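Visitor: The following block contains the structure, expressed as structure tokens.
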Amino acid sequence: MRPLHRIGALCMFAAAAMLVVSCQDSEQDDAAVGGDAEKTITVGFSQIGAESAWRTAETESIRSEAANRGVNLKFSDAQQKQENQIKALRAFIAQQVDAIILAPVVETGWEPILREVRSAGIPVILVDRGVNVSDDSLFATLIASDFVEEGRMAAMWLVEKMDGTGNVVELKGTTGSAPAIDREKGFHEILDAQPGMTIIKSQTGEFTRAKGKEVMEAFLKAEGDRIDAVYAHNDDMAIGAIQAIEEAGRTPGTDVIVVSIDGVRAAFEAMVAGKLNCTVECSPLLGPAAFDAIEAVLAGETLPKNTVVNDRIFDQSTAEAELPNRRY
Amino acid sequence: MSKTPVTSSRAPVPRIVWPIIALALVLGFNLLFTHGFCQIEVRDGRLYGSLIDIIDRAGPVMLVSIGMTLVIATAGIDLSVGAVMAIAGAVAAGLVAQPDYSVLSNFDVGGSFVIAAVAALLISAIAGAGNGTLVAICGVQPIVATLILMVAGRGVAQLLTSGQIITFENESFAYLGNGFLLALPVTVSIVLVVFIIVSLLTRKTALGLFVEAVGGNPVASRHAGLRSGAVKIAVYTVCGLLAGLAGLIAAADIKAADANNAGLYIELDAILAVVIGGTALTGGRFSLAGSIIGALLIQALTTTILSRGVPVEYTLVVKGAVVIAVCLLQAERFRSMFLHVVRRRT
């Protein structure tokens, strides 16, 4: 048992050391705020984490926009945990920030803390994901892409490209996630109205390259040359599917049309190479819209509850010109 | 040898029979009901078909489950294999591709895949040895010791890649995941070689006996003069090394290192494969071949579900039902209960 005790003590020591370090960090932050809090506005930003390039780009957009407008931004990374976000919001209240930007990690469980924030008189701007609350005056506005519309845009592009005939297979996102549900809904809405087009297979590729490739391989074996097009709920799965199509001896982009959503850099590279046909952008660059909303709210305006980000669609003809502008 | 199971007087059926029956049933079902499933054709001098996909796709899980079998035989468990896969993929891809956002770009290997692969495998083995040291020398419970690396390891992989997906264009690296050898995917040869080496080491030398002794009764084996600590460290090291190899294959497959998703939840598939294969989680006797069959069964199920177009919502339920059936078949008590009921009816 002895060694166990020693390890226990070591762990406690390490934990204590971490606590001290993190306390020092937040103190430094406070000091920095104290200096110029009188003139400039202070905004607290509770971000989910840094789990993908998309999210890193979103953080970067909000940070750089804050710097551009001379806003004092207090950033908190929740490392995928709601309790960290709630703690961060409490800290923002204590620091009397002027507004809060929140990217909620889940939809539920926000009511009590948002009530606390409201009674402190601080407006909340939600970015990229919504919350489930009984009273929608708890937040000023939600700035996000319309996933259903993204699905519709992809479907409409595909219908036009294929003249309304052909068999489509669908690579869905993680089962139950909001983008997977909505991107499926929008896509089916358009395609169901097309008698000549059928979705012959549909499976989850869990938003990853590896799974997208595996699922596509199975589809190609089961359906063979009947597959005319692939619709992937994100670019990564499309890139996986492209490899599977190539390995089956067919040419992605011509034999099999590939359409996806997100508009990450790798997708633009694939379009320039002629392997991906089209991607619908789901922009993470929400900084400008978020700070526009904050300025409007602080000026006393009432905002619509949903601020929809205008997503653009890119195909091979526009990809090359756009590629240098892709930051994520 | 203190753990001789009490069995009925009839000659016991080897445990490996049950997973083989299950695999045969899944494949037989497809032969009858899934059009073109068992068809194998030759395209560009390579075999092409769903069956080939199954053995190709099962490669990483088979490799990991070989290592996992040895660990479980010592009454341990390794939850960190998925994280080690992510680290190995990240190290190799980072060294080969040298992206400027990754810390690995500070180490120039001149685009050599061999150096990158050796570095990745070395790091994986060290990670495994670390697990083994925690378990054998510090006396930490295996599930706790490897949980640390399971959580932290993925973080390390994300740090190495700065959270980005590192893509690479390296022919020899990509060959590991997409290449063909003797008309079969190269993963098949890799798994076969590893399986033969590990089988020879454990069956033709005393090593296998040591592993079983440590798992069966650690105190007795120590009193018998066996260095149980060294055996444990060795099996965790092998497990880490094989996880690293699986990580290289997974990265080569998509020509990219995806630190967030590479090897995610593979520890569960590997443990499942080992259990299906008839190795008890309590340690002692183990069956490498059983684990391989287990891994093939899991992948055969996945591929079946994908090619039959089972609605996404039912996928996990179908998988779960088959796994429960196999595990129940293996349980002696359930079999006798079942036979009892059947005999009464007739």
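As shown in the structure tokens, the chain order sets the letters A, B, ...; within each chain, residues go from 1, and ligands are also counted from 1 in the order they appear.
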Would you kindly return, as a compact mmCIF listing (two decimals) with C-alpha atoms, in the first residue's frame, each protein, DNA or RNA residue with an atom no farther than 6 Å from any atom of segment 59-62 of chain B, considering only C-alpha atoms and excluding same-chain residues fewer than 3 positions away?

Guide:
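Resulting contents of selection_7.txt:
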```
# COMPACT_ATOMS: atom_id res chain seq x y z
CA ASP B 56 -8.35 -4.69 -44.34
CA SER B 65 -6.23 -6.75 -29.73
CA THR B 187 -2.33 -4.63 -43.65
CA ALA B 246 -2.02 0.43 -35.69
CA ALA B 270 -10.17 -4.33 -28.81
CA ILE B 292 -8.23 -12.12 -34.16
CA ALA B 295 -11.85 -8.47 -34.25
```

Visitor: Could you find all residues in segment 66-287 of chain A that DSSP calls alpha helix (DSSP H) from the backbone, and write them as a ChimeraX atom specification?

Guide: /A:66-68,82-94,111-119,147-161,178-191,209-223,235-247,265-272,287

Visitor: Just write the chosen residues, C-alpha atoms, as an mmCIF file, in the first residue's frame.

Guide:
```cif
data_model
loop_
_atom_site.group_PDB
_atom_site.id
_atom_site.type_symbol
_atom_site.label_atom_id
_atom_site.label_comp_id
_atom_site.auth_asym_id
_atom_site.auth_seq_id
_atom_site.Cartn_x
_atom_site.Cartn_y
_atom_site.Cartn_z
ATOM 1 C CA ALA A 66 -12.036 42.644 -30.431
ATOM 2 C CA ALA A 67 -8.529 43.962 -30.987
ATOM 3 C CA ASN A 68 -9.656 45.873 -34.099
ATOM 4 C CA GLN A 82 -20.369 23.081 -19.219
ATOM 5 C CA GLU A 83 -19.415 23.579 -15.570
ATOM 6 C CA ASN A 84 -16.329 25.490 -16.696
ATOM 7 C CA GLN A 85 -18.540 27.717 -18.830
ATOM 8 C CA ILE A 86 -20.877 28.379 -15.893
ATOM 9 C CA LYS A 87 -17.876 29.232 -13.703
ATOM 10 C CA ALA A 88 -16.602 31.555 -16.407
ATOM 11 C CA LEU A 89 -19.965 33.340 -16.625
ATOM 12 C CA ARG A 90 -19.978 33.816 -12.815
ATOM 13 C CA ALA A 91 -16.472 35.237 -13.033
ATOM 14 C CA PHE A 92 -17.606 37.611 -15.803
ATOM 15 C CA ILE A 93 -20.475 38.825 -13.565
ATOM 16 C CA ALA A 94 -18.045 39.417 -10.701
ATOM 17 C CA GLU A 111 -31.501 28.711 -17.371
ATOM 18 C CA PRO A 112 -30.223 29.400 -13.788
ATOM 19 C CA ILE A 113 -26.904 30.932 -14.797
ATOM 20 C CA LEU A 114 -28.449 33.028 -17.565
ATOM 21 C CA ARG A 115 -30.935 34.375 -14.995
ATOM 22 C CA GLU A 116 -28.010 35.371 -12.805
ATOM 23 C CA VAL A 117 -26.410 37.100 -15.756
ATOM 24 C CA ARG A 118 -29.640 38.921 -16.606
ATOM 25 C CA SER A 119 -30.144 40.163 -13.051
ATOM 26 C CA PHE A 147 -27.785 24.217 -40.986
ATOM 27 C CA VAL A 148 -31.083 23.401 -42.705
ATOM 28 C CA GLU A 149 -30.417 26.083 -45.286
ATOM 29 C CA GLU A 150 -26.905 24.669 -45.838
ATOM 30 C CA GLY A 151 -28.483 21.295 -46.629
ATOM 31 C CA ARG A 152 -30.901 22.963 -49.032
ATOM 32 C CA MET A 153 -28.121 24.846 -50.796
ATOM 33 C CA ALA A 154 -26.101 21.657 -51.297
ATOM 34 C CA ALA A 155 -29.182 19.851 -52.620
ATOM 35 C CA MET A 156 -30.139 22.637 -55.022
ATOM 36 C CA TRP A 157 -26.627 22.767 -56.430
ATOM 37 C CA LEU A 158 -26.661 18.995 -56.916
ATOM 38 C CA VAL A 159 -30.084 18.976 -58.588
ATOM 39 C CA GLU A 160 -28.909 21.578 -61.077
ATOM 40 C CA LYS A 161 -25.592 19.811 -61.723
ATOM 41 C CA ALA A 178 -27.698 19.400 -34.499
ATOM 42 C CA PRO A 179 -25.744 19.882 -37.752
ATOM 43 C CA ALA A 180 -26.335 16.238 -38.768
ATOM 44 C CA ILE A 181 -30.097 16.455 -38.136
ATOM 45 C CA ASP A 182 -30.558 19.805 -39.879
ATOM 46 C CA ARG A 183 -28.252 19.174 -42.836
ATOM 47 C CA GLU A 184 -30.143 15.949 -43.497
ATOM 48 C CA LYS A 185 -33.501 17.707 -43.185
ATOM 49 C CA GLY A 186 -32.684 20.524 -45.619
ATOM 50 C CA PHE A 187 -31.128 18.176 -48.170
ATOM 51 C CA HIS A 188 -34.033 15.730 -48.127
ATOM 52 C CA GLU A 189 -36.542 18.561 -48.358
ATOM 53 C CA ILE A 190 -35.204 19.577 -51.780
ATOM 54 C CA LEU A 191 -34.403 16.091 -53.084
ATOM 55 C CA ARG A 209 -12.193 11.150 -42.594
ATOM 56 C CA ALA A 210 -11.541 7.562 -41.534
ATOM 57 C CA LYS A 211 -15.188 6.723 -41.006
ATOM 58 C CA GLY A 212 -16.259 8.579 -44.146
ATOM 59 C CA LYS A 213 -13.831 6.465 -46.152
ATOM 60 C CA GLU A 214 -14.931 3.193 -44.541
ATOM 61 C CA VAL A 215 -18.629 3.881 -45.120
ATOM 62 C CA MET A 216 -18.038 4.942 -48.706
ATOM 63 C CA GLU A 217 -16.051 1.750 -49.377
ATOM 64 C CA ALA A 218 -19.009 -0.320 -48.183
ATOM 65 C CA PHE A 219 -21.426 1.763 -50.293
ATOM 66 C CA LEU A 220 -19.294 1.261 -53.403
ATOM 67 C CA LYS A 221 -19.231 -2.496 -52.853
ATOM 68 C CA ALA A 222 -22.969 -2.677 -52.251
ATOM 69 C CA GLU A 223 -24.135 -0.352 -55.010
ATOM 70 C CA ASP A 235 -15.710 18.235 -45.709
ATOM 71 C CA ASP A 236 -13.653 15.682 -43.779
ATOM 72 C CA MET A 237 -16.032 12.828 -44.610
ATOM 73 C CA ALA A 238 -16.068 13.971 -48.246
ATOM 74 C CA ILE A 239 -12.265 13.813 -48.349
ATOM 75 C CA GLY A 240 -12.393 10.266 -46.957
ATOM 76 C CA ALA A 241 -15.045 9.323 -49.513
ATOM 77 C CA ILE A 242 -12.925 10.747 -52.337
ATOM 78 C CA GLN A 243 -10.086 8.369 -51.391
ATOM 79 C CA ALA A 244 -12.491 5.427 -51.339
ATOM 80 C CA ILE A 245 -13.819 6.358 -54.794
ATOM 81 C CA GLU A 246 -10.282 6.607 -56.165
ATOM 82 C CA GLU A 247 -9.346 3.223 -54.711
ATOM 83 C CA ARG A 265 -9.126 24.792 -46.544
ATOM 84 C CA ALA A 266 -8.591 21.130 -47.426
ATOM 85 C CA ALA A 267 -11.929 21.138 -49.270
ATOM 86 C CA PHE A 268 -10.809 24.050 -51.423
ATOM 87 C CA GLU A 269 -7.570 22.233 -52.223
ATOM 88 C CA ALA A 270 -9.611 19.185 -53.250
ATOM 89 C CA MET A 271 -11.814 21.364 -55.471
ATOM 90 C CA VAL A 272 -8.781 22.906 -57.150
ATOM 91 C CA GLY A 287 -16.391 38.045 -34.768
#
```

Visitor: Tell me, in Å to one decimal, how far atom CA of Ala119 of chain B is from atom CA of Gly244 of chain B.

Guide: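 One can read the atom CA of Ala119 of chain B to atom CA of Gly244 of chain B distance as 10.2 Å.
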
Visitor: Any idea what the distance is between atom CA of Asp78 of chain B and atom CA of Gly215 of chain B?

Guide: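 These atoms are spaced 14.3 Å apart.
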
Visitor: Write out as number ranges by chain the set of residues from segment 200-326 of chain A that DSSP, computed on the backbone, places in strand (DSSP E or B).

Guide: A: 200-204, 229-232, 252, 256-262, 278-281, 306-308, 313-315

Visitor: What are the nearest atom pairs, with distances in Å to one decimal, for all residues of chain B that come at most 7 Å from chain A, using only C-alpha atoms, set out by chain and rising residue number as JSON lines?

Guide:
```
{"residue": "B:Gly36", "atom": "CA", "partner": "A:Ala222", "partner_atom": "CA", "distance": 6.8}
{"residue": "B:Gly49", "atom": "CA", "partner": "A:Lys221", "partner_atom": "CA", "distance": 6.3}
{"residue": "B:Ser50", "atom": "CA", "partner": "A:Lys221", "partner_atom": "CA", "distance": 6.1}
{"residue": "B:Cys138", "atom": "CA", "partner": "A:Pro3", "partner_atom": "CA", "distance": 5.8}
{"residue": "B:Gly139", "atom": "CA", "partner": "A:Leu4", "partner_atom": "CA", "distance": 6.8}
{"residue": "B:Val140", "atom": "CA", "partner": "A:Leu4", "partner_atom": "CA", "distance": 6.9}
{"residue": "B:Gly163", "atom": "CA", "partner": "A:Ser52", "partner_atom": "CA", "distance": 6.0}
{"residue": "B:Gln164", "atom": "CA", "partner": "A:Ala53", "partner_atom": "CA", "distance": 5.7}
{"residue": "B:Ile254", "atom": "CA", "partner": "A:Ala210", "partner_atom": "CA", "distance": 6.1}
{"residue": "B:Asn261", "atom": "CA", "partner": "A:Thr208", "partner_atom": "CA", "distance": 6.9}
{"residue": "B:Thr303", "atom": "CA", "partner": "A:Ala218", "partner_atom": "CA", "distance": 6.4}
{"residue": "B:Leu306", "atom": "CA", "partner": "A:Ala218", "partner_atom": "CA", "distance": 6.0}
{"residue": "B:Ser307", "atom": "CA", "partner": "A:Ala218", "partner_atom": "CA", "distance": 5.3}
{"residue": "B:Gly309", "atom": "CA", "partner": "A:Lys201", "partner_atom": "CA", "distance": 6.1}
{"residue": "B:Val312", "atom": "CA", "partner": "A:Gln203", "partner_atom": "CA", "distance": 5.7}
```

Visitor: Contacts of Ser283 of chain A at 12 Å or less, counting only C-alpha atoms, minus same-chain residues fewer than 2 places along, as a PyMOL selection string?

Guide: chain A and resi 53-55+57-58+61+127-128+143-147+150+261-265+279-281+285-289+308-313+326-328

Visitor: Which is closer to Gln316 of chain A than all the others in A:Gly274, A:Thr302, A:Val297, A:Thr108, using only C-alpha atoms?

Guide: A:Gly274

Visitor: Fewer than 2 positions away in the same chain doesn't count, so skip those; otherwise give me all residues within 12 Å of Val156 of chain B, counting only C-alpha atoms, as a PyMOL selection string.

Guide: chain B and resi 83-91+102-103+123+127+148-154+158-163+259-260

Visitor: I need the chosen residues saved as a tab-separated table (two decimals), in the first residue's frame, with N, CA and C atoms.

Guide:
```
chain	number	residue	atom	x	y	z
B	83	ALA	N	-5.27	6.44	-27.61
B	83	ALA	CA	-4.47	7.66	-27.48
B	83	ALA	C	-3.08	7.44	-28.06
B	84	VAL	N	-2.51	6.24	-27.80
B	84	VAL	CA	-1.19	5.94	-28.34
B	84	VAL	C	-1.23	5.92	-29.87
B	85	MET	N	-2.31	5.39	-30.44
B	85	MET	CA	-2.49	5.41	-31.90
B	85	MET	C	-2.45	6.84	-32.41
B	86	ALA	N	-3.17	7.72	-31.71
B	86	ALA	CA	-3.22	9.12	-32.14
B	86	ALA	C	-1.83	9.75	-32.07
B	87	ILE	N	-1.08	9.42	-30.99
B	87	ILE	CA	0.27	9.99	-30.85
B	87	ILE	C	1.16	9.49	-31.98
B	88	ALA	N	1.12	8.17	-32.23
B	88	ALA	CA	2.00	7.61	-33.26
B	88	ALA	C	1.71	8.24	-34.62
B	89	GLY	N	0.42	8.35	-34.95
B	89	GLY	CA	0.05	8.96	-36.23
B	89	GLY	C	0.52	10.40	-36.31
B	90	ALA	N	0.35	11.14	-35.20
B	90	ALA	CA	0.73	12.55	-35.18
B	90	ALA	C	2.24	12.70	-35.34
B	91	VAL	N	3.01	11.85	-34.62
B	91	VAL	CA	4.47	11.96	-34.69
B	91	VAL	C	4.94	11.67	-36.12
B	102	SER	N	3.21	22.82	-36.46
B	102	SER	CA	3.46	21.72	-35.53
B	102	SER	C	4.87	21.84	-34.96
B	103	VAL	N	5.01	21.51	-33.66
B	103	VAL	CA	6.33	21.55	-33.03
B	103	VAL	C	7.28	20.55	-33.68
B	123	ILE	N	8.31	5.92	-29.56
B	123	ILE	CA	7.52	6.69	-28.59
B	123	ILE	C	6.35	5.85	-28.07
B	127	ALA	N	5.63	4.78	-24.28
B	127	ALA	CA	4.36	5.05	-23.62
B	127	ALA	C	3.84	3.78	-22.97
B	148	ILE	N	-4.93	7.32	-17.28
B	148	ILE	CA	-4.18	8.58	-17.28
B	148	ILE	C	-3.70	8.88	-18.70
B	149	LEU	N	-3.07	7.87	-19.32
B	149	LEU	CA	-2.53	8.09	-20.67
B	149	LEU	C	-3.65	8.19	-21.71
B	150	MET	N	-4.77	7.50	-21.46
B	150	MET	CA	-5.89	7.59	-22.39
B	150	MET	C	-6.35	9.04	-22.52
B	151	VAL	N	-6.42	9.73	-21.38
B	151	VAL	CA	-6.89	11.12	-21.40
B	151	VAL	C	-5.77	12.06	-21.84
B	152	ALA	N	-4.60	11.90	-21.17
B	152	ALA	CA	-3.51	12.82	-21.43
B	152	ALA	C	-2.92	12.60	-22.82
B	153	GLY	N	-2.88	11.33	-23.26
B	153	GLY	CA	-2.23	11.00	-24.52
B	153	GLY	C	-2.88	11.68	-25.71
B	154	ARG	N	-4.23	11.73	-25.69
B	154	ARG	CA	-4.91	12.40	-26.79
B	154	ARG	C	-4.57	13.89	-26.78
B	158	GLN	N	-2.87	16.08	-29.67
B	158	GLN	CA	-3.45	17.35	-30.15
B	158	GLN	C	-2.42	18.47	-30.07
B	159	LEU	N	-1.58	18.44	-29.02
B	159	LEU	CA	-0.52	19.45	-28.92
B	159	LEU	C	0.45	19.30	-30.09
B	160	LEU	N	0.80	18.04	-30.41
B	160	LEU	CA	1.77	17.80	-31.48
B	160	LEU	C	1.24	18.30	-32.83
B	161	THR	N	-0.08	18.23	-33.02
B	161	THR	CA	-0.65	18.64	-34.30
B	161	THR	C	-1.28	20.03	-34.24
B	162	SER	N	-1.17	20.69	-33.07
B	162	SER	CA	-1.83	21.98	-32.83
B	162	SER	C	-3.33	21.89	-33.13
B	163	GLY	N	-3.92	20.72	-32.91
B	163	GLY	CA	-5.35	20.55	-33.12
B	163	GLY	C	-5.76	20.49	-34.58
B	259	ALA	N	-5.70	13.86	-34.89
B	259	ALA	CA	-5.47	13.60	-33.47
B	259	ALA	C	-6.77	13.52	-32.68
B	260	ASN	N	-7.81	14.21	-33.13
B	260	ASN	CA	-9.07	14.19	-32.38
B	260	ASN	C	-9.79	12.86	-32.51
```

Visitor: Rounded to one decimal place, report the atom CA of Ala229 of chain A-atom CA of Val169 of chain A distance in Å.

Guide: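 Answer for the atom CA of Ala229 of chain A to atom CA of Val169 of chain A separation: 6.4 Å.
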